[in-house]
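Okay, start-v1.cif now, which holds mmCIF, C-alpha atoms; chains and numbers go by the auth columns:
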data_run
loop_
_atom_site.group_PDB
_atom_site.id
_atom_site.type_symbol
_atom_site.label_atom_id
_atom_site.label_comp_id
_atom_site.label_asym_id
_atom_site.label_seq_id
_atom_site.Cartn_x
_atom_site.Cartn_y
_atom_site.Cartn_z
_atom_site.B_iso_or_equiv
_atom_site.auth_seq_id
_atom_site.auth_asym_id
ATOM 1 C CA MET A 1 -21.399 16.273 -0.363 0.00 1 N
ATOM 2 C CA ARG A 2 -17.713 16.249 0.580 0.00 2 N
ATOM 3 C CA ILE A 3 -15.402 13.282 1.149 0.00 3 N
ATOM 4 C CA ILE A 4 -14.089 13.651 4.696 0.00 4 N
ATOM 5 C CA LYS A 5 -11.442 11.539 6.399 0.00 5 N
ATOM 6 C CA TYR A 6 -11.834 11.540 10.186 0.00 6 N
ATOM 7 C CA CYS A 7 -8.715 10.615 12.120 0.00 7 N
ATOM 8 C CA GLU A 8 -6.510 11.337 15.106 0.00 8 N
ATOM 9 C CA THR A 9 -4.540 14.575 14.848 0.00 9 N
ATOM 10 C CA LYS A 10 -1.249 12.714 14.482 0.00 10 N
ATOM 11 C CA TYR A 11 -2.626 11.001 11.355 0.00 11 N
ATOM 12 C CA ASN A 12 -3.934 14.143 9.669 0.00 12 N
ATOM 13 C CA ILE A 13 -2.435 14.402 6.186 0.00 13 N
ATOM 14 C CA ALA A 14 -1.400 17.980 6.919 0.00 14 N
ATOM 15 C CA THR A 15 1.373 16.848 9.265 0.00 15 N
ATOM 16 C CA THR A 16 1.813 13.071 9.041 0.00 16 N
ATOM 17 C CA ALA A 17 4.741 11.533 7.151 0.00 17 N
ATOM 18 C CA THR A 18 2.704 8.524 6.007 0.00 18 N
ATOM 19 C CA ILE A 19 -0.863 7.494 5.254 0.00 19 N
ATOM 20 C CA GLN A 20 -2.196 4.112 6.366 0.00 20 N
ATOM 21 C CA ILE A 21 -4.054 1.873 3.900 0.00 21 N
ATOM 22 C CA GLY A 22 -6.029 -0.933 5.549 0.00 22 N
ATOM 23 C CA THR A 23 -7.345 -4.284 4.350 0.00 23 N
ATOM 24 C CA LEU A 24 -10.700 -6.041 4.552 0.00 24 N
ATOM 25 C CA ASN A 25 -9.381 -8.487 7.137 0.00 25 N
ATOM 26 C CA TYR A 26 -7.907 -5.657 9.181 0.00 26 N
ATOM 27 C CA TYR A 27 -11.332 -4.030 9.440 0.00 27 N
ATOM 28 C CA ARG A 28 -13.009 -7.386 10.043 0.00 28 N
ATOM 29 C CA MET A 29 -10.810 -7.751 13.130 0.00 29 N
ATOM 30 C CA SER A 30 -10.701 -4.097 14.186 0.00 30 N
ATOM 31 C CA ASP A 31 -11.059 -3.244 17.867 0.00 31 N
ATOM 32 C CA ASN A 32 -12.893 -0.016 16.939 0.00 32 N
ATOM 33 C CA ARG A 33 -16.484 -1.091 17.490 0.00 33 N
ATOM 34 C CA PHE A 34 -17.829 1.691 15.259 0.00 34 N
ATOM 35 C CA ILE A 35 -16.212 0.194 12.163 0.00 35 N
ATOM 36 C CA ALA A 36 -15.507 -3.447 13.078 0.00 36 N
ATOM 37 C CA ASP A 37 -17.476 -5.824 10.862 0.00 37 N
ATOM 38 C CA SER A 38 -16.574 -9.525 10.907 0.00 38 N
ATOM 39 C CA HIS A 39 -18.602 -10.056 7.713 0.00 39 N
ATOM 40 C CA GLU A 40 -16.985 -7.233 5.768 0.00 40 N
ATOM 41 C CA GLY A 41 -17.119 -8.079 2.053 0.00 41 N
ATOM 42 C CA PHE A 42 -19.644 -10.917 2.409 0.00 42 N
ATOM 43 C CA GLY A 43 -22.850 -11.136 0.390 0.00 43 N
ATOM 44 C CA VAL A 44 -25.563 -13.562 -0.692 0.00 44 N
ATOM 45 C CA HIS A 45 -26.715 -13.305 -4.307 0.00 45 N
ATOM 46 C CA SER A 46 -29.885 -14.852 -5.730 0.00 46 N
ATOM 47 C CA PHE A 47 -30.519 -15.090 -9.465 0.00 47 N
ATOM 48 C CA ARG A 48 -34.066 -15.670 -10.692 0.00 48 N
ATOM 49 C CA SER A 49 -34.714 -16.532 -14.333 0.00 49 N
ATOM 50 C CA GLU A 50 -37.981 -14.860 -15.336 0.00 50 N
ATOM 51 C CA ASP A 51 -37.956 -14.901 -19.141 0.00 51 N
ATOM 52 C CA SER A 52 -35.386 -17.399 -20.407 0.00 52 N
ATOM 53 C CA GLU A 53 -32.582 -19.654 -19.303 0.00 53 N
ATOM 54 C CA MET A 54 -29.666 -17.941 -17.573 0.00 54 N
ATOM 55 C CA ILE A 55 -26.101 -19.241 -17.464 0.00 55 N
ATOM 56 C CA PHE A 56 -23.993 -18.220 -14.478 0.00 56 N
ATOM 57 C CA PRO A 57 -21.216 -17.330 -14.771 0.00 57 N
ATOM 58 C CA GLU A 58 -21.241 -16.330 -18.424 0.00 58 N
ATOM 59 C CA GLU A 59 -17.575 -17.242 -18.920 0.00 59 N
ATOM 60 C CA ASP A 60 -16.126 -20.736 -18.469 0.00 60 N
ATOM 61 C CA ILE A 61 -13.196 -19.470 -16.399 0.00 61 N
ATOM 62 C CA THR A 62 -13.687 -16.516 -14.111 0.00 62 N
ATOM 63 C CA VAL A 63 -12.818 -15.267 -10.653 0.00 63 N
ATOM 64 C CA LEU A 64 -15.786 -16.264 -8.534 0.00 64 N
ATOM 65 C CA THR A 65 -14.853 -16.170 -4.870 0.00 65 N
ATOM 66 C CA GLN A 66 -11.854 -15.631 -2.595 0.00 66 N
ATOM 67 C CA GLY A 67 -9.754 -14.838 -5.634 0.00 67 N
ATOM 68 C CA ARG A 68 -9.835 -18.451 -6.861 0.00 68 N
ATOM 69 C CA VAL A 69 -10.421 -19.342 -10.491 0.00 69 N
ATOM 70 C CA ILE A 70 -13.613 -21.370 -10.853 0.00 70 N
ATOM 71 C CA GLY A 71 -14.653 -23.151 -14.052 0.00 71 N
ATOM 72 C CA ALA A 72 -18.140 -24.350 -13.100 0.00 72 N
ATOM 73 C CA ARG A 73 -21.257 -22.936 -14.779 0.00 73 N
ATOM 74 C CA VAL A 74 -24.870 -23.137 -13.647 0.00 74 N
ATOM 75 C CA ALA A 75 -27.897 -23.178 -15.959 0.00 75 N
ATOM 76 C CA ILE A 76 -30.919 -21.526 -14.371 0.00 76 N
ATOM 77 C CA LYS A 77 -34.066 -22.703 -16.131 0.00 77 N
ATOM 78 C CA HIS A 78 -37.039 -20.436 -16.798 0.00 78 N
ATOM 79 C CA GLY A 79 -38.697 -19.733 -13.448 0.00 79 N
ATOM 80 C CA GLY A 80 -35.735 -21.177 -11.561 0.00 80 N
ATOM 81 C CA LYS A 81 -33.531 -19.636 -8.878 0.00 81 N
ATOM 82 C CA PHE A 82 -29.854 -19.988 -7.979 0.00 82 N
ATOM 83 C CA THR A 83 -28.270 -18.624 -4.785 0.00 83 N
ATOM 84 C CA THR A 84 -24.573 -18.254 -4.044 0.00 84 N
ATOM 85 C CA ALA A 85 -22.699 -16.832 -1.054 0.00 85 N
ATOM 86 C CA MET A 86 -19.506 -14.916 -1.784 0.00 86 N
ATOM 87 C CA TRP A 87 -16.699 -13.444 0.272 0.00 87 N
ATOM 88 C CA ALA A 88 -14.677 -10.677 -1.340 0.00 88 N
ATOM 89 C CA PRO A 89 -10.946 -11.501 -1.246 0.00 89 N
ATOM 90 C CA ASN A 90 -8.707 -9.555 1.096 0.00 90 N
ATOM 91 C CA VAL A 91 -7.810 -6.318 -0.712 0.00 91 N
ATOM 92 C CA TYR A 92 -6.513 -2.884 0.260 0.00 92 N
ATOM 93 C CA ILE A 93 -9.136 -0.337 1.288 0.00 93 N
ATOM 94 C CA PHE A 94 -9.268 3.193 2.674 0.00 94 N
ATOM 95 C CA SER A 95 -12.402 4.467 4.368 0.00 95 N
ATOM 96 C CA SER A 96 -13.722 8.002 4.621 0.00 96 N
ATOM 97 C CA SER A 97 -17.146 9.622 5.075 0.00 97 N
ATOM 98 C CA LEU A 98 -19.591 11.708 3.072 0.00 98 N
ATOM 99 C CA ALA A 99 -20.675 14.921 4.772 0.00 99 N
ATOM 100 C CA GLU A 100 -21.752 18.468 4.022 0.00 100 N
ATOM 101 C CA GLU A 101 -18.622 19.514 5.869 0.00 101 N
ATOM 102 C CA GLY A 102 -16.201 18.025 8.376 0.00 102 N
ATOM 103 C CA THR A 103 -16.678 18.874 12.046 0.00 103 N
ATOM 104 C CA GLU A 104 -14.725 18.015 15.160 0.00 104 N
ATOM 105 C CA SER A 105 -17.940 17.198 17.022 0.00 105 N
ATOM 106 C CA PHE A 106 -18.824 14.524 14.467 0.00 106 N
ATOM 107 C CA ALA A 107 -15.264 13.196 14.556 0.00 107 N
ATOM 108 C CA SER A 108 -15.488 12.829 18.340 0.00 108 N
ATOM 109 C CA GLN A 109 -18.438 10.430 17.998 0.00 109 N
ATOM 110 C CA PHE A 110 -16.023 7.889 16.519 0.00 110 N
ATOM 111 C CA GLY A 111 -13.121 8.535 18.855 0.00 111 N
ATOM 112 C CA TYR A 112 -11.269 10.979 16.570 0.00 112 N
ATOM 113 C CA ASP A 113 -10.258 14.617 17.021 0.00 113 N
ATOM 114 C CA SER A 114 -9.284 15.709 13.502 0.00 114 N
ATOM 115 C CA PHE A 115 -10.273 15.489 9.836 0.00 115 N
ATOM 116 C CA TYR A 116 -9.312 16.490 6.299 0.00 116 N
ATOM 117 C CA GLU A 117 -11.074 16.544 2.923 0.00 117 N
ATOM 118 C CA ILE A 118 -10.275 14.457 -0.169 0.00 118 N
ATOM 119 C CA THR A 119 -11.129 16.918 -2.933 0.00 119 N
ATOM 120 C CA ASP A 120 -10.028 14.823 -5.938 0.00 120 N
ATOM 121 C CA PRO A 121 -10.783 11.104 -5.348 0.00 121 N
ATOM 122 C CA ASP A 122 -9.383 9.968 -8.718 0.00 122 N
ATOM 123 C CA LEU A 123 -6.089 11.755 -8.117 0.00 123 N
ATOM 124 C CA PHE A 124 -6.017 10.453 -4.540 0.00 124 N
ATOM 125 C CA MET A 125 -6.325 6.854 -5.763 0.00 125 N
ATOM 126 C CA ARG A 126 -3.615 7.282 -8.408 0.00 126 N
ATOM 127 C CA LYS A 127 -1.141 8.915 -6.038 0.00 127 N
ATOM 128 C CA VAL A 128 -1.692 6.277 -3.344 0.00 128 N
ATOM 129 C CA GLN A 129 -1.280 3.595 -6.009 0.00 129 N
ATOM 130 C CA GLU A 130 2.109 5.004 -7.008 0.00 130 N
ATOM 131 C CA GLY A 131 3.372 4.171 -3.526 0.00 131 N
ATOM 132 C CA LEU A 132 1.229 1.067 -3.117 0.00 132 N
ATOM 133 C CA SER A 133 2.795 -1.040 -5.858 0.00 133 N
ATOM 134 C CA ARG A 134 6.250 -0.851 -4.253 0.00 134 N
ATOM 135 C CA ILE A 135 5.251 -1.948 -0.765 0.00 135 N
ATOM 136 C CA ALA A 136 2.158 -4.143 -1.248 0.00 136 N
ATOM 137 C CA ARG A 137 2.393 -7.435 0.601 0.00 137 N
ATOM 138 C CA LEU A 138 0.770 -10.280 -1.321 0.00 138 N
ATOM 139 C CA ARG A 139 -0.075 -13.615 0.278 0.00 139 N
ATOM 140 C CA ASP A 140 1.378 -15.400 -2.728 0.00 140 N
ATOM 141 C CA PRO A 141 4.558 -13.547 -3.722 0.00 141 N
ATOM 142 C CA LYS A 142 5.211 -15.705 -6.790 0.00 142 N
ATOM 143 C CA PRO A 143 2.580 -14.551 -9.343 0.00 143 N
ATOM 144 C CA ARG A 144 3.472 -11.543 -11.443 0.00 144 N
ATOM 145 C CA ILE A 145 1.171 -8.556 -11.092 0.00 145 N
ATOM 146 C CA ALA A 146 -0.500 -7.577 -14.346 0.00 146 N
ATOM 147 C CA ASP A 147 -2.507 -4.623 -13.166 0.00 147 N
ATOM 148 C CA VAL A 148 -3.892 -2.759 -10.192 0.00 148 N
ATOM 149 C CA ILE A 149 -7.565 -1.835 -10.448 0.00 149 N
ATOM 150 C CA HIS A 150 -8.845 0.963 -8.252 0.00 150 N
ATOM 151 C CA ILE A 151 -12.487 1.651 -7.455 0.00 151 N
ATOM 152 C CA HIS A 152 -14.059 4.310 -5.278 0.00 152 N
ATOM 153 C CA GLY A 153 -17.589 5.266 -4.319 0.00 153 N
ATOM 154 C CA PRO A 154 -20.165 5.565 -1.530 0.00 154 N
ATOM 155 C CA VAL A 155 -21.135 2.525 0.509 0.00 155 N
ATOM 156 C CA ARG A 156 -24.762 1.425 0.153 0.00 156 N
ATOM 157 C CA TYR A 157 -26.611 0.536 3.353 0.00 157 N
ATOM 158 C CA GLN A 158 -29.454 -1.985 3.500 0.00 158 N
ATOM 159 C CA ASP A 159 -31.164 -4.289 5.990 0.00 159 N
ATOM 160 C CA ALA A 160 -29.275 -7.471 5.062 0.00 160 N
ATOM 161 C CA ARG A 161 -26.316 -8.630 2.984 0.00 161 N
ATOM 162 C CA GLU A 162 -28.640 -10.174 0.417 0.00 162 N
ATOM 163 C CA HIS A 163 -29.000 -9.189 -3.224 0.00 163 N
ATOM 164 C CA SER A 164 -31.594 -10.318 -5.754 0.00 164 N
ATOM 165 C CA HIS A 165 -30.920 -10.320 -9.493 0.00 165 N
ATOM 166 C CA VAL A 166 -33.153 -10.919 -12.498 0.00 166 N
ATOM 167 C CA GLU A 167 -30.301 -10.204 -14.915 0.00 167 N
ATOM 168 C CA LEU A 168 -26.834 -11.713 -15.013 0.00 168 N
ATOM 169 C CA CYS A 169 -23.971 -9.961 -13.291 0.00 169 N
ATOM 170 C CA SER A 170 -20.330 -10.923 -13.682 0.00 170 N
ATOM 171 C CA PRO A 171 -18.616 -12.373 -10.591 0.00 171 N
ATOM 172 C CA SER A 172 -16.387 -9.302 -10.492 0.00 172 N
ATOM 173 C CA ASP A 173 -19.484 -7.081 -10.388 0.00 173 N
ATOM 174 C CA LEU A 174 -20.828 -9.152 -7.489 0.00 174 N
ATOM 175 C CA MET A 175 -17.537 -8.763 -5.651 0.00 175 N
ATOM 176 C CA VAL A 176 -17.716 -4.980 -6.059 0.00 176 N
ATOM 177 C CA GLN A 177 -21.288 -5.068 -4.782 0.00 177 N
ATOM 178 C CA ASN A 178 -20.095 -6.932 -1.689 0.00 178 N
ATOM 179 C CA LEU A 179 -17.292 -4.431 -1.128 0.00 179 N
ATOM 180 C CA PHE A 180 -19.615 -1.435 -1.327 0.00 180 N
ATOM 181 C CA THR A 181 -22.619 -2.766 0.634 0.00 181 N
ATOM 182 C CA LYS A 182 -23.038 -2.883 4.415 0.00 182 N
ATOM 183 C CA PRO A 183 -25.967 -3.499 6.772 0.00 183 N
ATOM 184 C CA LEU A 184 -27.666 -0.555 8.430 0.00 184 N
ATOM 185 C CA VAL A 185 -26.679 -1.743 11.912 0.00 185 N
ATOM 186 C CA SER A 186 -24.060 -4.068 13.380 0.00 186 N
ATOM 187 C CA SER A 187 -25.202 -7.608 14.159 0.00 187 N
ATOM 188 C CA THR A 188 -22.595 -8.004 16.926 0.00 188 N
ATOM 189 C CA GLN A 189 -22.194 -4.519 18.448 0.00 189 N
ATOM 190 C CA PRO A 190 -25.393 -3.309 20.165 0.00 190 N
ATOM 191 C CA GLY A 191 -26.213 0.276 19.346 0.00 191 N
ATOM 192 C CA VAL A 192 -23.720 0.629 16.498 0.00 192 N
ATOM 193 C CA LYS A 193 -25.367 1.960 13.337 0.00 193 N
ATOM 194 C CA TYR A 194 -23.060 1.586 10.358 0.00 194 N
ATOM 195 C CA VAL A 195 -25.311 3.867 8.329 0.00 195 N
ATOM 196 C CA GLU A 196 -24.245 6.809 10.495 0.00 196 N
ATOM 197 C CA ASN A 197 -20.723 6.511 9.065 0.00 197 N
ATOM 198 C CA GLN A 198 -21.954 7.399 5.560 0.00 198 N
ATOM 199 C CA GLU A 199 -18.796 5.721 4.338 0.00 199 N
ATOM 200 C CA TYR A 200 -17.052 6.585 1.091 0.00 200 N
ATOM 201 C CA ARG A 201 -14.640 3.780 0.241 0.00 201 N
ATOM 202 C CA PHE A 202 -11.473 3.458 -1.855 0.00 202 N
ATOM 203 C CA VAL A 203 -10.397 -0.045 -2.988 0.00 203 N
ATOM 204 C CA TRP A 204 -7.231 -1.289 -4.742 0.00 204 N
ATOM 205 C CA VAL A 205 -7.265 -4.779 -6.330 0.00 205 N
ATOM 206 C CA PHE A 206 -4.175 -6.610 -7.651 0.00 206 N
ATOM 207 C CA LEU A 207 -4.540 -8.981 -10.606 0.00 207 N
ATOM 208 C CA GLU A 208 -2.232 -11.847 -11.628 0.00 208 N
ATOM 209 C CA GLU A 209 -0.654 -11.506 -15.056 0.00 209 N
ATOM 210 C CA THR A 210 -1.775 -14.681 -16.855 0.00 210 N
ATOM 211 C CA THR A 211 -5.021 -15.782 -15.197 0.00 211 N
ATOM 212 C CA LYS A 212 -6.234 -12.294 -14.184 0.00 212 N
ATOM 213 C CA ARG A 213 -7.227 -13.762 -10.844 0.00 213 N
ATOM 214 C CA ILE A 214 -7.398 -11.491 -7.819 0.00 214 N
ATOM 215 C CA LEU A 215 -4.302 -11.637 -5.627 0.00 215 N
ATOM 216 C CA GLU A 216 -5.102 -11.461 -1.920 0.00 216 N
ATOM 217 C CA VAL A 217 -2.948 -9.284 0.311 0.00 217 N
ATOM 218 C CA GLU A 218 -1.660 -9.857 3.825 0.00 218 N
ATOM 219 C CA ASN A 219 -3.926 -8.769 6.687 0.00 219 N
ATOM 220 C CA ASP A 220 -1.873 -5.904 8.097 0.00 220 N
ATOM 221 C CA PRO A 221 -2.192 -2.316 6.863 0.00 221 N
ATOM 222 C CA ILE A 222 0.646 -0.671 4.953 0.00 222 N
ATOM 223 C CA LEU A 223 2.055 2.858 5.121 0.00 223 N
ATOM 224 C CA ILE A 224 2.265 5.024 2.000 0.00 224 N
ATOM 225 C CA ARG A 225 5.238 7.380 2.146 0.00 225 N
ATOM 226 C CA ASN A 226 4.839 9.553 -0.968 0.00 226 N
ATOM 227 C CA ILE A 227 2.734 11.829 1.182 0.00 227 N
ATOM 228 C CA GLN A 228 3.521 15.044 -0.708 0.00 228 N
ATOM 229 C CA ALA A 229 1.983 13.570 -3.863 0.00 229 N
ATOM 230 C CA VAL A 230 -1.115 12.360 -2.017 0.00 230 N
ATOM 231 C CA ARG A 231 -1.623 15.800 -0.448 0.00 231 N
ATOM 232 C CA GLN A 232 -2.288 17.180 -3.931 0.00 232 N
ATOM 233 C CA ALA A 233 -5.710 15.494 -3.801 0.00 233 N
ATOM 234 C CA CYS A 234 -6.616 16.828 -0.346 0.00 234 N
ATOM 235 C CA LYS A 235 -7.622 19.981 1.479 0.00 235 N
ATOM 236 C CA TYR A 236 -6.468 20.428 5.070 0.00 236 N
#
Would you encode the structure as structure tokens?
Amino acid sequence: MRIIKYCETKYNIATTATIQIGTLNYYRMSDNRFIADSHEGFGVHSFRSEDSEMIFPEEDITVLTQGRVIGARVAIKHGGKFTTAMWAPNVYIFSSSLAEEGTESFASQFGYDSFYEITDPDLFMRKVQEGLSRIARLRDPKPRIADVIHIHGPVRYQDAREHSHVELCSPSDLMVQNLFTKPLVSSTQPGVKYVENQEYRFVWVFLEETTKRILEVENDPILIRNIQAVRQACKY
């Protein structure tokens, strides 16, 4: 399968001077009904202790939800169950699709008339990140950035935003699960099937230097200008 970015012709990497990187909140509020999802990054996680007591989270201080540092721990007794709802913090994302090959007819289904292929996703993420660090807009400009973590992979589609666990997962693992899971169909847009997008997603996460907490970004997309470097990872 190939990683295809569908877009308008003016945004094709072959000719554009910039590439737009969106955010979770931007896509939550999008006016494109094929991708708009007000619950983007939300998930419900249930932990069931089958063999022995479970402690969640395993660490006393960890990033649990919305980028905040939480110190509480929960002991789940044998046979017990604990459920928590989590929103992924607002981070930078870039969406594409998995396909055997890109076609203009498929692009037209989503209101686009052009496409290009991302042939080297690791290189793509690194080259975008080189431009990202200079222009990222953080909600809290005071903390120093320790690191930028980038993750990419296919989105998993399932009936609901619910996940069951019989083994412990770290809060950061749960956040990644939220970021890369979507329902099969939209709950607010009749006839819209998210699964048809076959999305392949790129995510960049900023961490604060001392606490390692996730730093949320502003809602608006940003424009990456080192386009020649990014083109190295693409075919057009």
Contacts of Ile3 (chain N) at 7 Å or less, counting all atoms listed in the file, minus same-chain residues fewer than 6 places along, as a list in words? Ser96, Ser97, Leu98, Ala99, Glu117, Ile118, Thr119 and Tyr200 of chain N
Take the PyMOL selection byres ((chain N and resi 136) around 12), apply it to the structure above, and return the hits as an mmCIF file with C-alpha atoms, keeping the file's coordinate frame.
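This went into expr_27.cif:
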data_model
loop_
_atom_site.group_PDB
_atom_site.id
_atom_site.type_symbol
_atom_site.label_atom_id
_atom_site.label_comp_id
_atom_site.auth_asym_id
_atom_site.auth_seq_id
_atom_site.Cartn_x
_atom_site.Cartn_y
_atom_site.Cartn_z
ATOM 1 C CA ILE N 21 -4.054 1.873 3.900
ATOM 2 C CA GLY N 22 -6.029 -0.933 5.549
ATOM 3 C CA THR N 23 -7.345 -4.284 4.350
ATOM 4 C CA VAL N 91 -7.810 -6.318 -0.712
ATOM 5 C CA TYR N 92 -6.513 -2.884 0.260
ATOM 6 C CA VAL N 128 -1.692 6.277 -3.344
ATOM 7 C CA GLN N 129 -1.280 3.595 -6.009
ATOM 8 C CA GLU N 130 2.109 5.004 -7.008
ATOM 9 C CA GLY N 131 3.372 4.171 -3.526
ATOM 10 C CA LEU N 132 1.229 1.067 -3.117
ATOM 11 C CA SER N 133 2.795 -1.040 -5.858
ATOM 12 C CA ARG N 134 6.250 -0.851 -4.253
ATOM 13 C CA ILE N 135 5.251 -1.948 -0.765
ATOM 14 C CA ARG N 137 2.393 -7.435 0.601
ATOM 15 C CA LEU N 138 0.770 -10.280 -1.321
ATOM 16 C CA ARG N 139 -0.075 -13.615 0.278
ATOM 17 C CA ASP N 140 1.378 -15.400 -2.728
ATOM 18 C CA PRO N 141 4.558 -13.547 -3.722
ATOM 19 C CA ILE N 145 1.171 -8.556 -11.092
ATOM 20 C CA VAL N 148 -3.892 -2.759 -10.192
ATOM 21 C CA TRP N 204 -7.231 -1.289 -4.742
ATOM 22 C CA VAL N 205 -7.265 -4.779 -6.330
ATOM 23 C CA PHE N 206 -4.175 -6.610 -7.651
ATOM 24 C CA LEU N 215 -4.302 -11.637 -5.627
ATOM 25 C CA GLU N 216 -5.102 -11.461 -1.920
ATOM 26 C CA VAL N 217 -2.948 -9.284 0.311
ATOM 27 C CA GLU N 218 -1.660 -9.857 3.825
ATOM 28 C CA ASN N 219 -3.926 -8.769 6.687
ATOM 29 C CA ASP N 220 -1.873 -5.904 8.097
ATOM 30 C CA PRO N 221 -2.192 -2.316 6.863
ATOM 31 C CA ILE N 222 0.646 -0.671 4.953
ATOM 32 C CA LEU N 223 2.055 2.858 5.121
ATOM 33 C CA ILE N 224 2.265 5.024 2.000
#
Taking only C-alpha atoms into account, name the residue in N:Glu101, N:Glu196, N:Asp147, N:Asp37 that is nearest to Lys212 (chain N).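 Closest to Lys212 (chain N) of all the choices is N:Asp147.
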Record the distance separating CA of Ala233 (chain N) and CA of Asp120 (chain N), expressed in Å with one decimal. 4.9 Å
Give me the result of the PyMOL selection byres ((chain N and resi 47) around 8) on this file, residue by residue, as an NGL selection string. :N and (45-46 or 48-49 or 81-83 or 164-168)
Lys127 (chain N) proximity check over N:Arg213, N:His150, N:Asn32, N:Pro171, using all atoms listed in the file: winner is N:His150
